[in-house]
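S.K.: Structure file work08.cif, mmCIF, C-alpha atoms, is pasted below:
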```
data_model
#
loop_
_atom_site.label_atom_id
_atom_site.label_comp_id
_atom_site.auth_asym_id
_atom_site.auth_seq_id
_atom_site.Cartn_x
_atom_site.Cartn_y
_atom_site.Cartn_z
CA MET A 4 0.00 0.00 0.00
CA LEU A 5 2.99 2.30 -0.29
CA ASP A 6 2.09 2.98 -3.92
CA GLU A 7 -1.06 4.67 -5.13
CA PRO A 8 -3.26 2.10 -6.91
CA ARG A 9 -3.84 2.70 -10.61
CA SER A 10 -7.57 2.39 -9.94
CA GLY A 11 -7.26 5.33 -7.56
CA ARG A 12 -5.62 7.53 -10.17
CA LEU A 13 -8.17 6.53 -12.81
CA ALA A 14 -11.10 7.25 -10.49
CA ALA A 15 -9.72 10.52 -9.10
CA TRP A 16 -8.72 12.13 -12.38
CA GLY A 17 -11.60 10.55 -14.24
CA ASN A 18 -14.00 12.13 -11.76
CA ALA A 19 -12.34 15.51 -12.21
CA LEU A 20 -12.71 15.13 -15.98
CA LEU A 21 -16.37 14.09 -15.77
CA ALA A 22 -17.01 17.17 -13.63
CA GLY A 23 -15.29 19.43 -16.17
CA LEU A 24 -12.51 20.41 -13.77
CA VAL A 25 -9.56 19.22 -15.88
CA PRO A 26 -9.06 18.80 -19.66
CA PRO A 27 -9.01 15.27 -21.11
CA ASP A 28 -5.31 15.21 -22.00
CA ASP A 29 -4.30 16.36 -18.51
CA ALA A 30 -6.48 13.69 -16.90
CA ALA A 31 -5.02 10.97 -19.13
CA GLU A 32 -1.47 12.07 -18.34
CA ARG A 33 -2.06 12.04 -14.58
CA ILE A 34 -3.74 8.63 -14.73
CA ALA A 35 -0.88 7.05 -16.69
CA GLU A 36 1.78 8.83 -14.62
CA GLY A 37 4.99 6.77 -14.98
CA ASP A 38 3.47 4.07 -17.20
CA ALA A 39 4.24 4.02 -20.91
CA VAL A 40 0.68 3.66 -22.10
CA HIS A 41 -2.85 2.87 -20.91
CA ARG A 42 -5.55 1.42 -23.15
CA VAL A 43 -9.16 0.42 -22.53
CA THR A 44 -10.73 -2.57 -24.24
CA GLY A 45 -14.32 -3.81 -24.26
CA LEU A 46 -15.97 -0.37 -24.21
CA PRO A 47 -19.47 -0.36 -25.70
CA GLY A 48 -19.35 1.19 -29.16
CA GLU A 49 -15.63 0.52 -29.67
CA SER A 50 -14.38 -2.40 -31.74
CA GLY A 51 -10.93 -2.55 -30.14
CA PRO A 52 -8.63 -0.99 -27.54
CA VAL A 53 -8.66 2.81 -27.26
CA GLY A 54 -6.58 5.37 -25.40
CA LEU A 55 -7.56 6.91 -22.08
CA THR A 56 -8.72 10.22 -23.54
CA LEU A 57 -11.15 8.56 -25.92
CA ALA A 58 -12.22 6.01 -23.29
CA LEU A 59 -13.09 8.66 -20.71
CA GLY A 60 -15.01 10.61 -23.34
CA ARG A 61 -16.90 7.47 -24.31
CA LEU A 62 -17.82 6.75 -20.68
CA ARG A 63 -19.14 10.29 -20.32
CA ALA A 64 -21.16 9.94 -23.54
CA LEU A 65 -22.59 6.65 -22.27
CA GLY A 66 -23.86 8.45 -19.17
CA ALA A 67 -21.17 7.83 -16.56
CA THR A 68 -21.70 10.18 -13.63
CA GLY A 69 -18.69 9.19 -11.52
CA LEU A 70 -16.04 6.56 -10.86
CA ARG A 71 -15.66 4.45 -7.72
CA VAL A 72 -12.74 2.29 -6.57
CA ALA A 73 -12.64 -1.34 -5.44
CA LEU A 74 -9.63 -2.78 -3.58
CA PRO A 75 -10.64 -6.40 -2.90
CA VAL A 76 -8.59 -9.18 -1.31
CA PRO A 77 -9.58 -12.80 -0.64
CA GLY A 78 -12.40 -12.83 1.88
CA HIS A 79 -13.04 -9.09 1.57
CA PRO A 80 -14.70 -7.93 -1.69
CA LEU A 81 -14.22 -4.25 -0.81
CA GLY A 82 -16.01 -1.98 -3.26
CA LEU A 83 -17.43 -4.75 -5.47
CA SER A 84 -21.08 -5.45 -6.29
CA GLY A 85 -20.87 -8.32 -8.81
CA PRO A 86 -21.41 -10.22 -10.98
CA PRO A 87 -19.11 -13.08 -9.89
CA GLU A 88 -17.11 -13.02 -13.14
CA PHE A 89 -16.19 -9.38 -12.69
CA ASN A 90 -15.49 -9.86 -8.99
CA ALA A 91 -13.09 -12.71 -9.78
CA ARG A 92 -11.15 -10.61 -12.27
CA ALA A 93 -11.00 -7.66 -9.87
CA LEU A 94 -9.87 -9.92 -7.04
CA ALA A 95 -7.06 -11.32 -9.19
CA ALA A 96 -5.90 -7.78 -9.99
CA GLY A 97 -6.47 -6.50 -6.45
CA GLU A 98 -8.29 -3.44 -7.77
CA ALA A 99 -10.98 -2.17 -10.11
CA VAL A 100 -12.96 0.92 -11.07
CA ILE A 101 -16.76 1.06 -11.22
CA ALA A 102 -18.44 3.60 -13.53
CA CYS A 103 -21.62 4.87 -11.90
CA GLY A 104 -24.62 5.50 -14.10
CA VAL A 105 -23.64 3.00 -16.80
CA ALA A 106 -23.05 -0.21 -14.79
CA LEU A 107 -19.59 -0.79 -16.25
CA GLY A 108 -16.41 -1.87 -14.49
CA LEU A 109 -12.75 -1.65 -15.46
CA VAL A 110 -9.97 -3.95 -14.26
CA PRO A 111 -6.29 -3.31 -15.07
CA GLU A 112 -3.97 -5.87 -16.60
CA VAL A 113 -0.35 -4.77 -16.25
CA HIS A 114 2.42 -5.82 -18.64
CA GLU A 115 6.07 -5.10 -17.84
CA ALA A 116 9.09 -5.53 -20.11
CA GLY A 117 12.71 -4.44 -20.12
CA PRO A 118 15.72 -4.59 -17.80
CA GLU A 119 15.71 -3.42 -14.18
CA GLY A 120 15.82 0.34 -14.06
CA ASP A 121 14.32 0.68 -17.53
CA VAL A 122 11.02 -1.19 -17.24
CA HIS A 123 8.38 -0.42 -19.86
CA VAL A 124 4.87 -0.67 -18.38
CA GLU A 125 1.71 -1.02 -20.42
CA VAL A 126 -1.74 -1.22 -18.82
CA VAL A 127 -4.86 -2.61 -20.45
CA TRP A 128 -8.15 -1.85 -18.69
CA HIS A 129 -10.76 -4.54 -19.38
CA CYS A 130 -14.26 -3.05 -19.42
CA THR A 131 -17.22 -5.33 -18.68
CA ALA A 132 -20.74 -5.04 -17.31
CA VAL A 133 -21.24 -4.89 -13.53
CA ARG A 134 -24.24 -5.18 -11.25
CA ASP A 135 -25.94 -1.89 -10.41
CA ALA A 136 -25.90 -2.28 -6.62
CA PRO A 137 -24.26 -0.65 -3.59
CA PRO A 138 -20.54 -1.48 -3.26
CA ALA A 139 -19.46 -3.86 -0.50
CA ASP A 140 -18.19 -2.56 2.85
CA VAL A 141 -17.31 1.01 1.84
CA PRO A 142 -17.43 3.36 4.86
CA SER A 143 -18.27 7.04 4.89
CA LEU A 144 -15.36 9.46 4.92
CA GLY A 145 -16.01 10.37 8.55
CA GLU A 146 -16.21 6.74 9.62
CA ALA A 147 -13.00 5.96 7.77
CA GLU A 148 -11.16 8.82 9.45
CA ARG A 149 -12.19 7.68 12.91
CA GLU A 150 -11.18 4.08 12.19
CA LEU A 151 -7.83 5.21 10.81
CA ALA A 152 -6.88 7.12 13.93
CA GLN A 153 -7.25 3.93 15.95
CA ALA A 154 -5.50 1.87 13.25
CA LEU A 155 -2.49 4.20 13.26
CA ARG A 156 -2.10 3.75 17.02
CA GLU A 157 -2.40 -0.02 16.66
CA ALA A 158 0.12 -0.17 13.81
CA THR A 159 2.64 1.90 15.78
CA GLU A 160 2.23 -0.31 18.84
CA LEU A 161 2.64 -3.43 16.72
CA LEU A 162 5.90 -2.13 15.25
CA ALA A 163 7.30 -1.70 18.72
CA LYS A 164 5.98 -5.05 19.94
CA LEU A 165 7.33 -6.92 16.91
CA ASP A 166 10.71 -5.21 17.23
CA VAL A 167 10.78 -4.17 13.58
CA ALA A 168 10.60 -0.40 13.84
CA GLY A 169 14.32 -0.08 13.29
CA SER A 170 15.33 -3.52 12.10
CA GLY A 171 17.26 -4.22 8.93
CA PRO A 172 17.78 -2.46 5.61
CA VAL A 173 14.47 -3.54 4.05
CA ALA A 174 12.39 -1.96 6.81
CA GLN A 175 14.56 1.16 6.73
CA ALA A 176 14.20 1.42 2.94
CA ALA A 177 10.41 1.17 3.25
CA LEU A 178 10.41 3.92 5.87
CA GLU A 179 12.63 6.20 3.79
CA ALA A 180 10.48 5.60 0.69
CA TYR A 181 7.38 6.70 2.57
CA ARG A 182 9.12 9.77 3.99
CA ALA A 183 10.37 10.78 0.54
CA ARG A 184 6.88 10.51 -0.93
CA ALA A 185 5.34 12.42 1.97
CA GLU A 186 7.87 15.24 1.65
CA ALA A 187 7.57 15.50 -2.13
CA GLY A 188 4.36 17.51 -1.84
CA ARG A 189 2.65 15.26 -4.38
CA GLN A 190 -0.96 15.90 -5.27
CA LEU A 191 -2.81 13.04 -3.64
CA LEU A 192 -6.16 13.64 -5.29
CA ALA A 193 -7.49 15.50 -8.32
CA PRO A 194 -9.25 18.89 -8.22
CA GLY A 195 -12.74 18.80 -6.77
CA TYR A 196 -12.02 16.45 -3.88
CA PRO A 197 -12.75 17.76 -0.36
CA PRO A 198 -9.78 18.47 1.94
CA ARG A 199 -11.00 15.77 4.31
CA ALA A 200 -10.60 13.16 1.57
CA VAL A 201 -6.99 14.23 1.04
CA ARG A 202 -6.38 13.98 4.78
CA VAL A 203 -7.95 10.51 5.00
CA LEU A 204 -6.01 9.22 1.98
CA GLU A 205 -2.72 10.56 3.34
CA LEU A 206 -3.35 8.90 6.71
CA ALA A 207 -4.36 5.63 5.01
CA GLN A 208 -1.11 5.63 3.06
CA LYS A 209 0.83 6.29 6.27
CA VAL A 210 -0.83 3.31 7.95
CA GLY A 211 -0.09 1.25 4.84
CA ALA A 212 3.55 2.28 5.02
CA LEU A 213 3.78 1.17 8.64
CA ILE A 214 2.27 -2.19 7.70
CA GLY A 215 4.82 -2.55 4.93
CA ILE A 216 7.63 -1.79 7.36
CA ALA A 217 6.32 -4.39 9.79
CA GLN A 218 6.05 -6.99 7.05
CA ALA A 219 9.51 -6.22 5.67
CA GLY A 220 11.14 -6.16 9.08
CA GLY A 221 9.74 -9.55 9.99
CA ASP A 222 11.91 -11.21 7.35
CA GLU A 223 15.15 -9.82 8.74
CA HIS A 224 17.27 -10.85 11.67
CA GLY A 225 16.38 -9.08 14.87
CA ALA A 226 12.65 -9.47 14.25
CA ALA A 227 10.15 -12.31 14.37
CA VAL A 228 11.56 -15.21 12.36
CA SER A 229 9.79 -18.39 13.49
CA ALA A 230 6.77 -19.63 11.52
CA SER A 231 4.47 -19.12 14.49
CA GLN A 232 5.73 -15.56 15.05
CA ILE A 233 5.32 -14.69 11.38
CA ALA A 234 1.77 -16.07 11.41
CA ALA A 235 0.97 -14.13 14.58
CA ARG A 236 2.33 -10.95 13.05
CA ALA A 237 0.24 -11.40 9.89
CA GLU A 238 -2.89 -12.05 11.95
CA ALA A 239 -2.28 -8.96 14.08
CA LEU A 240 -1.72 -6.73 11.04
CA ARG A 241 -4.74 -7.98 9.06
CA PRO A 242 -7.43 -5.77 10.66
CA VAL A 243 -5.16 -2.73 10.45
CA GLU A 244 -4.51 -3.35 6.76
CA ARG A 245 -8.24 -3.85 6.18
CA THR A 246 -9.01 -0.49 7.80
CA ALA A 247 -6.41 1.28 5.66
CA ARG A 248 -7.84 -0.22 2.46
CA ARG A 249 -11.39 0.74 3.42
CA ALA A 250 -10.21 4.30 4.08
CA GLN A 251 -8.49 4.50 0.71
CA VAL A 252 -11.69 3.49 -1.06
CA ALA A 253 -13.72 5.97 1.01
CA ALA A 254 -11.34 8.78 0.04
CA TYR A 255 -11.46 8.00 -3.69
CA ASP A 256 -15.24 7.50 -3.60
CA SER A 257 -15.90 10.75 -1.70
CA PHE A 258 -16.17 12.71 -4.95
CA VAL A 259 -19.10 10.54 -6.08
CA GLU A 260 -20.63 10.49 -2.60
CA GLU A 261 -20.60 14.28 -2.44
CA ARG A 262 -22.16 14.70 -5.88
CA GLU A 263 -24.88 12.18 -5.06
CA ARG A 264 -25.58 13.93 -1.76
CA ARG A 265 -26.05 17.28 -3.53
CA ALA A 266 -28.16 15.85 -6.33
CA PRO A 267 -31.86 16.83 -6.15
#
```
Could you quickly redo this structure as C-alpha cells?
M.R.:
Amino acid sequence: MLDEPRSGRLAAWGNALLAGLVPPDDAAERIAEGDAVHRVTGLPGESGPVGLTLALGRLRALGATGLRVALPVPGHPLGLSGPPEFNARALAAGEAVIACGVALGLVPEVHEAGPEGDVHVEVVWHCTAVRDAPPADVPSLGEAERELAQALREATELLAKLDVAGSGPVAQAALEAYRARAEAGRQLLAPGYPPRAVRVLELAQKVGALIGIAQAGGDEHGAAVSASQIAARAEALRPVERTARRAQVAAYDSFVEERERRAP
C-alpha cells in the first residue's frame, strides 16, 4: 500500500474530468503517470482498444456520472457489487474501477518488459458489465477517518511489539520511501475532492507504510523469524490493513458520494 493504486488515479482524475474540472489530456497524463501507455478494451461502441482520452469521453457519452474504486482481497470484496465473473477478475488484480450510471467496471492488466531500471509498463483496462448495486463494505469518509486514527495507534504499537521499527535495511528502505513521498508535496487527489478526503487518503497511506515496514522487518534478523511468530504478526496486522484499504476506497469515492448527496 505504499504505492497509489492505478484504480485510484483513474477514479480521481476521471472524476475531475467528468465534472469538467480538468481537460481530457491532462487527466489521461495524470492517470498514466509513470506508465508508458494505458488502453481500454471492451468499451461499448468501440471495436478494439482505445486510449484513455477517448475512453473517458466514451464513458461520459454513455452516461457515466462518476467513478468508484474497489480494492478487494480474498475474503473481503471491498467496493465490489458483482457479478461473480467481474469480482473474480477484480480480485485477481487486487483493484478495479466502477463507472456509476452506466453499470460498467474496469480492471487493469499490467504488462512489464525491459531490464531493471528501464522497465516499460503497459496497462490494459478490461471493461465489462457490472451489477448496479451498492458497493461492498465502503465506509463514509467520517467513519473511515475515525477508524484510521485507531489503526495508526495499533500499527505503531505493533511495530514496537514486533521489534521491527528499526530492524534491517528492508524496513529502513520502506520507511525512507514513505518519507520521501510524503515530503515531495505530491498531489494526492485531483481537483474537486474535499480536503477531508486528502487527509484521509494521506493517513491511510501512512498506515499502509507502517504495515509494509512491519512486514519487511519480519523477514530480517532481529525481528520475528519463526513460523508461528510470522503467522501471529500477519494475523495482528490484518485488521489494520483492512481499515487502511477501506479508508483508501472511502477517500477516492468521496467525490461521487458528495455529488450524489447534492443531487436533487
S.K.: If we count all atoms listed in the file and set the cut-off at 10 Å, which residues sit around A:Glu205, ignoring sequence neighbours fewer than 2 positions away in its own chain? Please answer as an mmCIF file with C-alpha atoms, keeping the file's coordinate frame.
M.R.:
```cif
data_model
loop_
_atom_site.group_PDB
_atom_site.id
_atom_site.type_symbol
_atom_site.label_atom_id
_atom_site.label_comp_id
_atom_site.auth_asym_id
_atom_site.auth_seq_id
_atom_site.Cartn_x
_atom_site.Cartn_y
_atom_site.Cartn_z
ATOM 1 C CA ALA A 185 5.340 12.420 1.970
ATOM 2 C CA LEU A 191 -2.810 13.040 -3.640
ATOM 3 C CA LEU A 192 -6.160 13.640 -5.290
ATOM 4 C CA ARG A 199 -11.000 15.770 4.310
ATOM 5 C CA ALA A 200 -10.600 13.160 1.570
ATOM 6 C CA VAL A 201 -6.990 14.230 1.040
ATOM 7 C CA ARG A 202 -6.380 13.980 4.780
ATOM 8 C CA VAL A 203 -7.950 10.510 5.000
ATOM 9 C CA ALA A 207 -4.360 5.630 5.010
ATOM 10 C CA GLN A 208 -1.110 5.630 3.060
ATOM 11 C CA LYS A 209 0.830 6.290 6.270
ATOM 12 C CA VAL A 210 -0.830 3.310 7.950
ATOM 13 C CA GLY A 211 -0.090 1.250 4.840
ATOM 14 C CA ALA A 250 -10.210 4.300 4.080
ATOM 15 C CA GLN A 251 -8.490 4.500 0.710
ATOM 16 C CA ALA A 254 -11.340 8.780 0.040
#
```
S.K.: Name the closest residue to A:Val76 among the candidates A:Pro142, A:Gly97, A:Pro52, A:Gly60; distances are taken between atoms, counting only C-alpha atoms.
M.R.: A:Gly97
S.K.: Could you list the residues chosen by the PyMOL selection byres ((chain A and resi 113-127) around 10) in this structure as a PyMOL selection string?
M.R.: chain A and resi 9+35+37-44+52-54+96+109-112+128-130
S.K.: Suppose you want the space between atom CA of A:Ala266 and atom CA of A:Thr68; what is it in Å?
M.R.: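 Separating atom CA of A:Ala266 from atom CA of A:Thr68 is a distance of 11.3 Å.
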S.K.: Near A:Ala91, counting only C-alpha atoms, which residues have an atom at most 10 Å away, once you skip same-chain residues fewer than 6 positions from it, shown as a tab-separated table (two decimals) with C-alpha atoms, in the coordinates of the input?
M.R.:
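Now in part21.tsv:
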```tsv
chain	number	residue	atom	x	y	z
A	75	PRO	CA	-10.64	-6.40	-2.90
A	77	PRO	CA	-9.58	-12.80	-0.64
A	80	PRO	CA	-14.70	-7.93	-1.69
A	85	GLY	CA	-20.87	-8.32	-8.81
A	97	GLY	CA	-6.47	-6.50	-6.45
```
S.K.: Which polymer residues, whether protein, DNA or RNA, lie within 7 Å of the coordinate (-14.2, 1.0, -2.1) when you count all atoms listed in the file? List them as a list in words, using the chain letters and numbers from the file.
M.R.: Arg71, Val72, Ala73, Leu74, Leu81, Gly82, Pro138, Val141, Arg249, Val252, Ala253 and Asp256 of chain A
S.K.: Run the PyMOL selection byres ((chain A and resi 105-107) around 6) against the file shown and list the residues it catches, as a ChimeraX atom specification.
M.R.: /A:66-67,102-104,108,131-133,135
S.K.: What's the separation between atom CA of A:Leu94 and atom CA of A:Val243, in Å to one decimal place?
M.R.: 19.5 Å
S.K.: Compile the contact shell of A:Arg262 as a list in words: residues with an atom at most 12 Å away, counting only C-alpha atoms, same-chain residues fewer than 4 positions apart removed.
M.R.: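 After dropping sequence-adjacent residues, the list is Asn18, Ala19, Leu21, Ala22, Thr68, Gly69, Leu70, Cys103, Gly195, Tyr196, Pro197, Asp256, Ser257, Phe258, Ala266 and Pro267 of chain A.
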S.K.: Which one is closest to A:Leu204: A:Lys164, A:His79, A:Arg61, A:Arg248? Count all atoms listed in the file.
M.R.: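 Going through A:Lys164, A:His79, A:Arg61, A:Arg248 one by one, the smallest distance to A:Leu204 is for A:Arg248.
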S.K.: To one decimal in Å, tell me the separation between atom CA of A:Ala239 and atom CA of A:Leu161.
M.R.: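 That distance, rounded to one decimal, is 7.9 Å.
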S.K.: Identify all residues satisfying the PyMOL selection byres ((chain A and resi 150-158) around 7) in the given file; provide them as a VMD selection string.
M.R.: chain A and resid 146 to 149 159 to 162 207 210 213 to 214 243 246 to 247
S.K.: When you count only C-alpha atoms, which of these residues is closest to A:Asn90: A:Arg134, A:Arg245, A:Leu62, A:Thr56?
M.R.: A:Arg134
S.K.: Mind listing whatever residues come within 6 Å of the point (-16.8, 2.3, -26.8)? Use only C-alpha atoms, file coordinates, and give them as a count of residues only.
M.R.: 5
S.K.: Once N, CA and C atoms are restored for stretch 52-76 of chain A, what would the output be as an mmCIF file, in the frame of the given file?
M.R.:
```
data_model
loop_
_atom_site.group_PDB
_atom_site.id
_atom_site.type_symbol
_atom_site.label_atom_id
_atom_site.label_comp_id
_atom_site.auth_asym_id
_atom_site.auth_seq_id
_atom_site.Cartn_x
_atom_site.Cartn_y
_atom_site.Cartn_z
ATOM 1 N N PRO A 52 -9.186 -1.830 -28.605
ATOM 2 C CA PRO A 52 -8.630 -0.990 -27.540
ATOM 3 C C PRO A 52 -8.530 0.469 -27.967
ATOM 4 N N VAL A 53 -8.771 1.364 -26.999
ATOM 5 C CA VAL A 53 -8.660 2.810 -27.260
ATOM 6 C C VAL A 53 -7.851 3.451 -26.141
ATOM 7 N N GLY A 54 -7.349 4.642 -26.402
ATOM 8 C CA GLY A 54 -6.580 5.370 -25.400
ATOM 9 C C GLY A 54 -7.461 5.931 -24.300
ATOM 10 N N LEU A 55 -6.813 6.410 -23.242
ATOM 11 C CA LEU A 55 -7.560 6.910 -22.080
ATOM 12 C C LEU A 55 -8.440 8.107 -22.416
ATOM 13 N N THR A 56 -7.938 9.027 -23.232
ATOM 14 C CA THR A 56 -8.720 10.220 -23.540
ATOM 15 C C THR A 56 -10.027 9.853 -24.227
ATOM 16 N N LEU A 57 -9.940 8.986 -25.229
ATOM 17 C CA LEU A 57 -11.150 8.560 -25.920
ATOM 18 C C LEU A 57 -12.050 7.741 -25.004
ATOM 19 N N ALA A 58 -11.440 6.872 -24.187
ATOM 20 C CA ALA A 58 -12.220 6.010 -23.290
ATOM 21 C C ALA A 58 -13.018 6.827 -22.281
ATOM 22 N N LEU A 59 -12.390 7.830 -21.685
ATOM 23 C CA LEU A 59 -13.090 8.660 -20.710
ATOM 24 C C LEU A 59 -14.222 9.446 -21.381
ATOM 25 N N GLY A 60 -13.958 9.917 -22.604
ATOM 26 C CA GLY A 60 -15.010 10.610 -23.340
ATOM 27 C C GLY A 60 -16.175 9.690 -23.670
ATOM 28 N N ARG A 61 -15.856 8.444 -24.022
ATOM 29 C CA ARG A 61 -16.900 7.470 -24.310
ATOM 30 C C ARG A 61 -17.739 7.174 -23.076
ATOM 31 N N LEU A 62 -17.079 7.005 -21.926
ATOM 32 C CA LEU A 62 -17.820 6.750 -20.680
ATOM 33 C C LEU A 62 -18.762 7.910 -20.369
ATOM 34 N N ARG A 63 -18.280 9.124 -20.576
ATOM 35 C CA ARG A 63 -19.140 10.290 -20.320
ATOM 36 C C ARG A 63 -20.326 10.301 -21.282
ATOM 37 N N ALA A 64 -20.082 9.969 -22.556
ATOM 38 C CA ALA A 64 -21.160 9.940 -23.540
ATOM 39 C C ALA A 64 -22.177 8.845 -23.226
ATOM 40 N N LEU A 65 -21.703 7.751 -22.634
ATOM 41 C CA LEU A 65 -22.590 6.650 -22.270
ATOM 42 C C LEU A 65 -23.445 6.973 -21.051
ATOM 43 N N GLY A 66 -23.077 8.045 -20.332
ATOM 44 C CA GLY A 66 -23.860 8.450 -19.170
ATOM 45 C C GLY A 66 -23.192 8.251 -17.833
ATOM 46 N N ALA A 67 -21.879 7.996 -17.828
ATOM 47 C CA ALA A 67 -21.170 7.830 -16.560
ATOM 48 C C ALA A 67 -21.223 9.119 -15.749
ATOM 49 N N THR A 68 -21.598 9.011 -14.494
ATOM 50 C CA THR A 68 -21.700 10.180 -13.630
ATOM 51 C C THR A 68 -20.566 10.257 -12.610
ATOM 52 N N GLY A 69 -19.803 9.194 -12.469
ATOM 53 C CA GLY A 69 -18.690 9.190 -11.520
ATOM 54 C C GLY A 69 -18.007 7.835 -11.523
ATOM 55 N N LEU A 70 -16.836 7.786 -10.909
ATOM 56 C CA LEU A 70 -16.040 6.560 -10.860
ATOM 57 C C LEU A 70 -15.728 6.221 -9.406
ATOM 58 N N ARG A 71 -15.972 4.963 -9.061
ATOM 59 C CA ARG A 71 -15.660 4.450 -7.720
ATOM 60 C C ARG A 71 -14.495 3.469 -7.804
ATOM 61 N N VAL A 72 -13.899 3.182 -6.645
ATOM 62 C CA VAL A 72 -12.740 2.290 -6.570
ATOM 63 C C VAL A 72 -13.102 1.041 -5.783
ATOM 64 N N ALA A 73 -12.550 -0.089 -6.199
ATOM 65 C CA ALA A 73 -12.640 -1.340 -5.440
ATOM 66 C C ALA A 73 -11.215 -1.830 -5.189
ATOM 67 N N LEU A 74 -10.941 -2.240 -3.948
ATOM 68 C CA LEU A 74 -9.630 -2.780 -3.580
ATOM 69 C C LEU A 74 -9.836 -4.110 -2.850
ATOM 70 N N PRO A 75 -10.294 -5.133 -3.558
ATOM 71 C CA PRO A 75 -10.640 -6.400 -2.900
ATOM 72 C C PRO A 75 -9.422 -7.280 -2.628
ATOM 73 N N VAL A 76 -9.546 -8.110 -1.613
ATOM 74 C CA VAL A 76 -8.590 -9.180 -1.310
ATOM 75 C C VAL A 76 -9.410 -10.418 -0.975
#
```
